[in-house]
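Trainee: This one is coords17.txt, compact mmCIF, C-alpha atoms.
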```
# COMPACT_ATOMS: atom_id res chain seq x y z
CA MET A 823 -9.46 -62.44 -10.90
CA THR A 824 -12.59 -61.83 -12.94
CA ASN A 825 -12.61 -60.82 -16.60
CA SER A 826 -14.05 -57.46 -15.59
CA ARG A 827 -11.09 -56.84 -13.32
CA ILE A 828 -8.71 -57.75 -16.15
CA ARG A 829 -10.47 -55.37 -18.51
CA SER A 830 -10.42 -52.69 -15.80
CA ARG A 831 -6.67 -53.08 -15.47
CA ARG A 832 -6.20 -52.66 -19.19
CA ALA A 833 -8.52 -49.69 -19.31
CA LEU A 834 -6.63 -47.94 -16.55
CA VAL A 835 -3.32 -48.36 -18.26
CA ALA A 836 -4.79 -47.28 -21.55
CA ALA A 837 -5.79 -44.02 -19.86
CA VAL A 838 -2.49 -43.90 -19.11
CA THR A 839 18.58 -48.41 -23.74
CA GLY A 840 17.19 -51.59 -22.46
CA LEU A 841 19.86 -53.48 -20.51
CA LEU A 842 20.86 -56.49 -22.53
CA ALA A 843 22.68 -59.65 -21.56
CA ALA A 844 26.24 -59.79 -22.81
CA THR A 845 25.72 -63.16 -24.49
CA ALA A 846 22.87 -63.79 -26.91
CA LEU A 847 21.37 -67.23 -27.39
CA THR A 848 20.36 -66.38 -30.95
CA ALA A 849 22.01 -67.45 -34.17
CA CYS A 850 20.95 -67.53 -37.83
CA THR A 851 17.62 -66.21 -39.07
CA THR A 852 14.91 -68.39 -40.58
CA ASP A 853 11.38 -67.97 -41.77
CA ALA A 854 8.97 -68.72 -38.93
CA PRO A 855 5.60 -70.33 -39.60
CA GLY A 856 3.38 -67.73 -41.21
CA GLY A 857 6.29 -66.14 -43.09
CA THR A 858 7.54 -63.72 -40.44
CA THR A 859 11.31 -63.54 -40.31
CA THR A 860 12.66 -64.26 -36.88
CA THR A 861 15.62 -65.84 -35.12
CA THR A 862 16.39 -69.38 -34.12
CA PRO A 863 18.09 -69.89 -30.75
CA ALA A 864 21.50 -71.49 -30.78
CA ALA A 865 22.15 -74.82 -29.11
CA PRO A 866 22.24 -74.58 -25.32
CA THR A 867 25.50 -74.56 -23.42
CA SER A 868 26.28 -77.49 -21.16
CA ALA A 869 25.68 -75.28 -18.11
CA ASP A 870 22.24 -74.32 -19.39
CA ALA A 871 21.35 -77.90 -20.31
CA ALA A 872 22.31 -79.09 -16.84
CA ALA A 873 19.52 -76.97 -15.34
CA PHE A 874 16.86 -79.21 -16.87
CA PRO A 875 14.37 -80.60 -16.23
CA VAL A 876 13.09 -77.68 -14.16
CA THR A 877 9.71 -77.10 -12.54
CA VAL A 878 8.31 -73.59 -12.19
CA GLN A 879 5.50 -72.83 -9.74
CA HIS A 880 2.76 -70.38 -10.72
CA VAL A 881 -0.79 -69.35 -9.88
CA PHE A 882 -2.35 -72.28 -11.76
CA GLY A 883 -0.01 -74.94 -10.38
CA GLU A 884 3.34 -75.80 -11.88
CA THR A 885 4.98 -76.29 -15.26
CA THR A 886 7.82 -78.73 -15.85
CA ILE A 887 10.22 -77.88 -18.66
CA LYS A 888 12.08 -81.02 -19.68
CA ALA A 889 14.86 -79.46 -21.79
CA GLN A 890 16.17 -76.01 -22.57
CA PRO A 891 13.56 -74.24 -24.73
CA GLN A 892 14.55 -73.57 -28.32
CA ARG A 893 11.47 -71.59 -29.45
CA VAL A 894 10.18 -69.28 -26.75
CA ALA A 895 7.00 -67.23 -27.21
CA ALA A 896 5.77 -64.35 -25.07
CA ILE A 897 2.16 -63.38 -24.40
CA SER A 898 0.45 -60.51 -22.62
CA TRP A 899 2.54 -57.48 -21.59
CA ALA A 900 6.26 -57.34 -20.84
CA ASN A 901 7.05 -61.04 -21.06
CA GLN A 902 9.25 -60.66 -24.11
CA ASP A 903 11.29 -58.11 -22.15
CA ALA A 904 12.68 -60.55 -19.59
CA ALA A 905 13.59 -63.03 -22.32
CA LEU A 906 15.32 -60.34 -24.38
CA ALA A 907 17.16 -59.03 -21.33
CA LEU A 908 18.57 -62.54 -20.95
CA GLY A 909 19.61 -62.66 -24.60
CA VAL A 910 16.76 -64.86 -25.82
CA VAL A 911 14.75 -63.62 -28.80
CA PRO A 912 11.14 -64.90 -28.81
CA VAL A 913 9.72 -66.52 -31.92
CA ALA A 914 6.50 -64.60 -31.23
CA MET A 915 5.37 -61.75 -29.01
CA PRO A 916 2.45 -59.28 -28.84
CA PHE A 917 2.06 -56.34 -31.21
CA ALA A 918 2.36 -53.25 -28.97
CA SER A 919 -0.77 -51.34 -29.94
CA TYR A 920 -0.45 -49.10 -26.86
CA GLY A 921 2.80 -47.15 -26.63
CA GLY A 922 4.46 -48.88 -29.56
CA ASP A 923 5.53 -47.48 -32.92
CA SER A 924 3.84 -48.17 -36.25
CA ASP A 925 5.64 -51.53 -36.37
CA GLY A 926 4.18 -52.54 -33.00
CA LEU A 927 7.44 -52.24 -31.10
CA LEU A 928 8.12 -50.41 -27.85
CA PRO A 929 11.39 -48.44 -27.86
CA TRP A 930 13.11 -50.61 -25.26
CA VAL A 931 12.11 -53.76 -27.14
CA LYS A 932 13.34 -52.31 -30.42
CA ASP A 933 16.66 -51.36 -28.77
CA ALA A 934 16.98 -54.88 -27.39
CA LEU A 935 16.36 -56.52 -30.75
CA THR A 936 18.88 -54.21 -32.39
CA GLY A 937 21.44 -54.89 -29.69
CA LEU A 938 21.04 -58.63 -30.21
CA GLY A 939 21.25 -58.31 -33.98
CA ALA A 940 17.79 -59.85 -34.27
CA GLN A 941 14.91 -59.19 -36.61
CA THR A 942 11.37 -58.64 -35.38
CA PRO A 943 9.65 -61.83 -34.22
CA ALA A 944 6.19 -62.81 -35.33
CA LEU A 945 3.78 -60.30 -33.77
CA LEU A 946 0.58 -61.50 -32.12
CA ASP A 947 -2.67 -59.54 -32.27
CA GLU A 948 -3.97 -59.51 -28.69
CA ALA A 949 -6.42 -56.62 -29.10
CA ASP A 950 -9.37 -58.93 -28.37
CA GLY A 951 -7.68 -61.63 -26.33
CA PHE A 952 -4.89 -64.06 -26.98
CA ASP A 953 -4.00 -64.81 -30.59
CA TYR A 954 -4.09 -68.60 -30.25
CA ASP A 955 -3.84 -69.20 -33.99
CA GLY A 956 -0.85 -66.91 -34.41
CA LEU A 957 0.81 -68.42 -31.38
CA ALA A 958 0.32 -71.95 -32.68
CA LYS A 959 1.77 -71.00 -36.08
CA ALA A 960 4.95 -69.82 -34.34
CA ALA A 961 5.37 -73.39 -33.00
CA PRO A 962 6.82 -72.48 -29.58
CA ASP A 963 8.15 -75.06 -27.16
CA LEU A 964 7.58 -72.68 -24.21
CA VAL A 965 5.11 -69.83 -23.61
CA LEU A 966 5.99 -67.10 -21.10
CA GLY A 967 3.10 -65.43 -19.28
CA VAL A 968 4.98 -64.50 -16.10
CA TYR A 969 3.45 -61.01 -16.14
CA GLY A 970 -0.28 -61.13 -16.73
CA GLY A 971 -3.79 -61.47 -15.41
CA PHE A 972 -5.36 -64.14 -17.58
CA GLU A 973 -7.73 -66.86 -16.38
CA LYS A 974 -7.16 -70.57 -15.89
CA ALA A 975 -9.28 -71.28 -18.95
CA ASP A 976 -6.80 -69.27 -21.00
CA HIS A 977 -3.91 -71.10 -19.40
CA ASP A 978 -5.49 -74.43 -20.28
CA LYS A 979 -5.78 -73.38 -23.93
CA LEU A 980 -2.20 -72.12 -23.97
CA THR A 981 -0.82 -75.36 -22.59
CA LYS A 982 -2.33 -77.22 -25.53
CA ILE A 983 0.06 -75.22 -27.72
CA ALA A 984 3.13 -75.49 -25.48
CA PRO A 985 4.09 -75.65 -21.79
CA THR A 986 3.11 -72.28 -20.33
CA VAL A 987 4.56 -70.48 -17.32
CA ALA A 988 1.88 -68.20 -15.83
CA TYR A 989 2.24 -65.37 -13.33
CA PRO A 990 3.25 -66.40 -9.80
CA GLY A 991 0.37 -64.91 -7.81
CA THR A 992 -1.23 -61.46 -7.97
CA PRO A 993 -2.62 -60.61 -11.42
CA TRP A 994 -0.57 -57.84 -13.04
CA GLY A 995 1.59 -57.79 -9.92
CA THR A 996 4.80 -59.57 -10.94
CA SER A 997 7.73 -57.26 -10.18
CA TRP A 998 10.48 -56.84 -12.74
CA GLN A 999 12.77 -58.71 -10.34
CA ASP A 1000 10.42 -61.69 -10.23
CA GLN A 1001 9.96 -61.54 -13.99
CA LEU A 1002 13.70 -61.94 -14.35
CA ALA A 1003 14.03 -64.66 -11.74
CA THR A 1004 11.12 -66.76 -13.04
CA THR A 1005 12.06 -66.36 -16.69
CA GLY A 1006 15.69 -67.12 -15.88
CA LYS A 1007 14.66 -70.32 -14.12
CA ALA A 1008 12.42 -71.39 -17.00
CA LEU A 1009 15.20 -70.80 -19.52
CA GLY A 1010 17.99 -72.27 -17.42
CA LEU A 1011 19.62 -68.85 -17.09
CA ASP A 1012 19.49 -68.19 -13.36
CA ALA A 1013 23.01 -66.79 -13.21
CA LYS A 1014 22.41 -64.44 -16.14
CA ALA A 1015 19.18 -63.26 -14.51
CA GLY A 1016 21.16 -62.38 -11.39
CA GLU A 1017 23.67 -60.41 -13.44
CA VAL A 1018 20.99 -58.40 -15.23
CA LYS A 1019 19.19 -57.72 -11.95
CA ALA A 1020 22.43 -56.35 -10.45
CA GLN A 1021 22.92 -54.09 -13.48
CA ILE A 1022 19.44 -52.63 -13.17
CA GLU A 1023 19.76 -52.14 -9.41
CA LYS A 1024 23.03 -50.29 -9.97
CA LYS A 1025 21.35 -48.00 -12.50
CA ILE A 1026 18.62 -47.25 -9.96
CA ALA A 1027 21.17 -46.61 -7.19
CA ASP A 1028 23.18 -44.33 -9.48
CA ALA A 1029 20.03 -42.34 -10.31
CA VAL A 1030 19.23 -41.90 -6.60
CA ALA A 1031 22.80 -40.83 -5.81
CA ALA A 1032 22.82 -38.33 -8.67
CA ASN A 1033 19.49 -36.78 -7.66
CA PRO A 1034 19.37 -36.61 -3.85
CA GLN A 1035 16.67 -33.92 -3.97
CA ILE A 1036 13.97 -36.48 -4.80
CA GLU A 1037 14.87 -38.88 -1.99
CA GLY A 1038 12.38 -38.82 0.88
CA LYS A 1039 9.82 -36.74 -1.01
CA SER A 1040 6.25 -37.99 -0.75
CA PHE A 1041 4.17 -38.77 -3.81
CA ALA A 1042 0.77 -39.95 -4.98
CA TYR A 1043 0.04 -41.81 -8.22
CA LEU A 1044 -3.43 -40.89 -9.54
CA SER A 1045 -5.61 -41.20 -12.61
CA PHE A 1046 -8.14 -38.57 -13.70
CA THR A 1047 -10.90 -39.46 -16.15
CA SER A 1048 -12.61 -36.83 -18.29
CA SER A 1049 -15.79 -38.93 -18.37
CA ASP A 1050 -16.19 -38.78 -14.57
CA PRO A 1051 -14.46 -35.86 -12.82
CA SER A 1052 -16.38 -36.62 -9.62
CA SER A 1053 -13.91 -39.31 -8.61
CA VAL A 1054 -10.20 -40.07 -8.86
CA TYR A 1055 -8.33 -43.36 -9.08
CA PHE A 1056 -5.36 -43.76 -6.78
CA TYR A 1057 -2.73 -46.49 -6.91
CA THR A 1058 -1.94 -48.30 -3.69
CA SER A 1059 1.38 -48.94 -2.00
CA THR A 1060 1.62 -52.40 -3.53
CA ASP A 1061 1.20 -51.29 -7.15
CA SER A 1062 4.19 -51.79 -9.43
CA ARG A 1063 4.43 -48.18 -10.60
CA VAL A 1064 4.32 -47.03 -6.96
CA GLN A 1065 7.07 -49.50 -6.11
CA PHE A 1066 9.17 -48.06 -8.94
CA LEU A 1067 9.11 -44.58 -7.39
CA LYS A 1068 9.87 -46.01 -3.97
CA ALA A 1069 12.96 -47.63 -5.45
CA LEU A 1070 14.05 -44.12 -6.43
CA GLY A 1071 13.88 -43.07 -2.78
CA MET A 1072 10.43 -41.48 -2.71
CA VAL A 1073 7.77 -42.39 -0.12
CA ASP A 1074 3.99 -42.75 -0.02
CA ALA A 1075 2.02 -39.63 0.82
CA PRO A 1076 0.36 -40.11 4.22
CA LYS A 1077 -3.15 -40.16 2.74
CA ILE A 1078 -2.17 -42.76 0.16
CA ALA A 1079 -0.55 -44.91 2.84
CA GLU A 1080 -3.79 -44.70 4.85
CA LEU A 1081 -6.03 -45.51 1.89
CA SER A 1082 -3.79 -48.39 0.84
CA LYS A 1083 -4.41 -50.17 4.13
CA GLU A 1084 -8.14 -49.99 3.49
CA THR A 1085 -8.01 -51.04 -0.16
CA GLU A 1086 -7.80 -54.54 -1.60
CA GLY A 1087 -5.96 -54.58 -4.89
CA PHE A 1088 -3.61 -52.23 -6.68
CA PHE A 1089 -5.98 -49.26 -7.06
CA GLY A 1090 -8.94 -47.59 -5.42
CA THR A 1091 -11.34 -44.70 -5.93
CA LEU A 1092 -11.54 -41.44 -4.00
CA SER A 1093 -14.30 -38.85 -4.21
CA ALA A 1094 -13.21 -35.58 -5.78
CA GLU A 1095 -14.59 -33.83 -2.69
CA LEU A 1096 -11.76 -35.41 -0.66
CA VAL A 1097 -8.80 -35.06 -3.02
CA ASP A 1098 -7.49 -31.96 -1.28
CA GLN A 1099 -6.46 -34.38 1.47
CA ILE A 1100 -3.83 -35.88 -0.83
CA ASP A 1101 -0.94 -34.21 0.92
CA ALA A 1102 1.82 -35.32 -1.44
CA ASP A 1103 4.94 -33.34 -2.31
CA VAL A 1104 4.59 -34.62 -5.87
CA VAL A 1105 1.54 -35.95 -7.72
CA LEU A 1106 1.82 -38.03 -10.86
CA ALA A 1107 -1.46 -38.51 -12.70
CA TYR A 1108 -2.82 -39.96 -15.91
CA VAL A 1109 -4.73 -37.48 -18.03
CA ASP A 1110 -6.24 -37.84 -21.50
CA ASP A 1111 -4.34 -34.97 -23.12
CA ALA A 1112 -3.28 -31.35 -22.64
CA ALA A 1113 -6.88 -30.10 -22.77
CA HIS A 1114 -7.90 -32.55 -20.06
CA LEU A 1115 -4.97 -31.42 -17.92
CA GLU A 1116 -6.14 -27.82 -18.14
CA ALA A 1117 -9.66 -28.91 -17.20
CA VAL A 1118 -8.29 -30.69 -14.13
CA LYS A 1119 -6.37 -27.59 -13.06
CA LYS A 1120 -9.49 -25.45 -13.38
CA ASP A 1121 -11.82 -27.93 -11.72
CA PRO A 1122 -13.12 -26.46 -8.42
CA LEU A 1123 -12.37 -29.72 -6.57
CA LEU A 1124 -9.50 -31.40 -8.41
CA GLY A 1125 -7.65 -28.13 -8.70
CA LYS A 1126 -7.41 -27.97 -4.90
CA ILE A 1127 -4.87 -30.78 -4.75
CA PRO A 1128 -1.85 -29.01 -3.21
CA ALA A 1129 0.66 -30.41 -5.72
CA ILE A 1130 -1.44 -29.14 -8.62
CA GLN A 1131 -1.72 -25.70 -7.08
CA ARG A 1132 2.05 -25.32 -6.60
CA GLY A 1133 3.03 -27.04 -9.85
CA SER A 1134 4.79 -30.09 -8.36
CA PHE A 1135 2.75 -32.24 -10.69
CA VAL A 1136 3.75 -34.70 -13.42
CA ALA A 1137 1.11 -35.19 -16.11
CA LEU A 1138 1.11 -38.66 -17.64
CA ASP A 1139 -0.37 -38.40 -21.11
CA ASP A 1140 2.21 -40.15 -23.29
CA PRO A 1141 1.42 -43.85 -23.87
CA THR A 1142 5.04 -44.99 -24.18
CA PHE A 1143 6.11 -43.07 -21.10
CA ASN A 1144 3.11 -44.39 -19.18
CA LEU A 1145 3.62 -48.02 -20.14
CA SER A 1146 7.26 -48.00 -19.06
CA THR A 1147 6.20 -48.09 -15.40
CA SER A 1148 2.58 -49.27 -15.49
CA ALA A 1149 3.98 -52.62 -16.62
CA PRO A 1150 7.59 -52.36 -15.40
CA SER A 1151 9.96 -54.91 -16.87
CA PRO A 1152 13.69 -55.60 -16.96
CA LEU A 1153 13.88 -53.55 -20.16
CA SER A 1154 11.39 -50.76 -19.44
CA VAL A 1155 12.71 -49.87 -15.97
CA PRO A 1156 16.14 -48.67 -17.19
CA TRP A 1157 14.38 -46.71 -19.95
CA ALA A 1158 11.93 -45.27 -17.43
CA ILE A 1159 14.72 -44.12 -15.11
CA ASP A 1160 16.12 -41.94 -17.87
CA ALA A 1161 12.65 -40.64 -18.77
CA TYR A 1162 11.13 -40.19 -15.30
CA VAL A 1163 13.89 -38.79 -13.12
CA PRO A 1164 14.19 -35.43 -14.93
CA LYS A 1165 10.43 -34.93 -14.56
CA LEU A 1166 10.59 -35.78 -10.86
CA VAL A 1167 13.49 -33.38 -10.34
CA GLU A 1168 11.53 -30.61 -12.07
CA ALA A 1169 8.44 -31.30 -9.95
CA VAL A 1170 10.44 -31.31 -6.71
CA SER A 1171 12.00 -27.97 -7.65
CA LYS A 1172 8.53 -26.39 -7.29
CA LEU A 1173 8.42 -27.22 -3.58
CA GLY A 1174 10.53 -24.17 -2.73
```
What does the file become when written as structure tokens?
Mentor:
Amino acid sequence: MTNSRIRSRRALVAAVTGLLAATALTACTTDAPGGTTTTTPAAPTSADAAAFPVTVQHVFGETTIKAQPQRVAAISWANQDAALALGVVPVAMPFASYGGDSDGLLPWVKDALTGLGAQTPALLDEADGFDYDGLAKAAPDLVLGVYGGFEKADHDKLTKIAPTVAYPGTPWGTSWQDQLATTGKALGLDAKAGEVKAQIEKKIADAVAANPQIEGKSFAYLSFTSSDPSSVYFYTSTDSRVQFLKALGMVDAPKIAELSKETEGFFGTLSAELVDQIDADVVLAYVDDAAHLEAVKKDPLLGKIPAIQRGSFVALDDPTFNLSTSAPSPLSVPWAIDAYVPKLVEAVSKLG
């Protein structure tokens, strides 16, 4: 994937509790390199130690982890979430500049840290790329990049700091299930990963059972840009946020299903002159703010989208809300279920 595609992915998202493991692998607190207070993982159990050495395959080859990691660091988006869901507190993770609070924490991450009795790890500034210096100061013995879209050159630099597990294939395409499975394997916690996965799947199933009115309804996931109202971004059937809604029982709108077959990647562009063909029961769309939403509704072309006309429309203008499914993780998905389902139920109620 080219750097421009990576930047495009981040730009799109920018336009745009946690389930915890019962047993934490964290113990006493210490001062990490650089002075940030963090947690030190406890000694591994015999069952965990028996899983090593382990080799994890990824897009750049494979990484062999000789012994259970004691100082795990997370880079890019969402990678701290899988570790936290398994009870492992990273020694370093990114500052959440998009969707996070003033301390750089997303709500599901903050809930996870609180639930584990852990203080905030060292926070990495990734606004202009990876914070290699900050990462090195944290002295990790494993770097998790299971969800990401970075280049091999970045991976090569990261491996000079510590063994690094990259994403398995499609950039920005690692499902929350695969995040759990891969992270669990790297940490020697396969069984725990299976338990957490079952918990999340039950929460999803419970949400579907409690809200049967959304099951089978068609949807389209879009993004409107105020700088160019002549076109609309749509997210394809393979995109992670689309997969999240499918897990709740919803289905692709026919036009989106058709466009997805013709589109390589997780998103595509549609001319505003054709958007009235988006025959979805419900449309979810990124907008800049309330004023932009009103401009979309009044636009002579965009306003013709059937879901906008009847009000079965979910505006996505809150960064935290948006990030919970644009980069779905084992922590953000449970949070997103609680946040999204009421909005979907309200939108479906407008169908008559």
Trainee: Looking at A:Ile1130, A:Ala1158, A:Leu1153, A:Ala1013, which one is nearest to A:Ala905, with distances taken over all atoms listed in the file?
Mentor: A:Leu1153
Trainee: Set the distance at 7 Å and use all atoms listed in the file: which residues neighbour A:Ala984 once local chain neighbours fewer than 5 positions away are removed? I'd like the list as a list in words.
Mentor: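 Non-adjacent residues within range: Pro962, Asp963, Leu964 and Val965 of chain A.
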Trainee: Between A:Pro1164, A:Pro1150, A:Gly967, A:Pro1051, single out the one closest to A:Val1109, counting only C-alpha atoms.
Mentor: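 Looking at the shortest contact to A:Val1109, the residue is A:Pro1051.
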Trainee: Rounded to one decimal in Å, what is the spacing between atom CA of A:Gln999 and atom CA of A:Ala1015?
Mentor: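 For atom CA of A:Gln999 relative to atom CA of A:Ala1015, the distance reads 8.9 Å.
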Trainee: Just how far from atom CA of A:Thr992 is atom CA of A:Ser1049, in Å to one decimal?
Mentor: 28.8 Å
Trainee: Between A:Lys1039, A:His1114, A:Arg893, A:Arg1063, which one has atoms that come closest to A:Ser1171, using only C-alpha atoms?
Mentor: A:Lys1039
Trainee: Compare A:Gly1125, A:Phe1046, A:Lys1007, A:Asp1061 by their minimum atom-to-atom distance to A:Thr886, counting all atoms listed in the file, and give me the closest one.
Mentor: A:Lys1007
Trainee: Hey, which of A:Lys1119, A:Met1072, A:Ala1107, A:Pro1152 ends up closest to A:Val1136? Count all atoms listed in the file.
Mentor: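 Smallest separation from A:Val1136 among the options: A:Ala1107.
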Trainee: Can you measure atom CA of A:Pro1156 to atom CA of A:Gly1174 for me? One decimal in Å is fine.
Mentor: 29.0 Å
Trainee: Pick the closest to A:Leu1070 from A:Leu1044, A:Leu945, A:Leu1115, A:Val1167: which is it, counting all atoms listed in the file?
Mentor: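 Of the candidates, the smallest distance to A:Leu1070 is held by A:Val1167.
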Trainee: Applying 10 Å and only C-alpha atoms, which residues near A:Val881 remain after dropping the ones on its own chain fewer than 6 positions away? List them as a VMD selection string.
Mentor: chain A and resid 968 973 to 974 987 to 993
Trainee: Env of A:Ser1093: 12 Å cut, atoms = only C-alpha atoms, seq-sep filter 4 positions within chain, self excluded. Answer as a PyMOL selection string.
Mentor: chain A and resi 1046+1050-1056+1097-1100+1123-1124
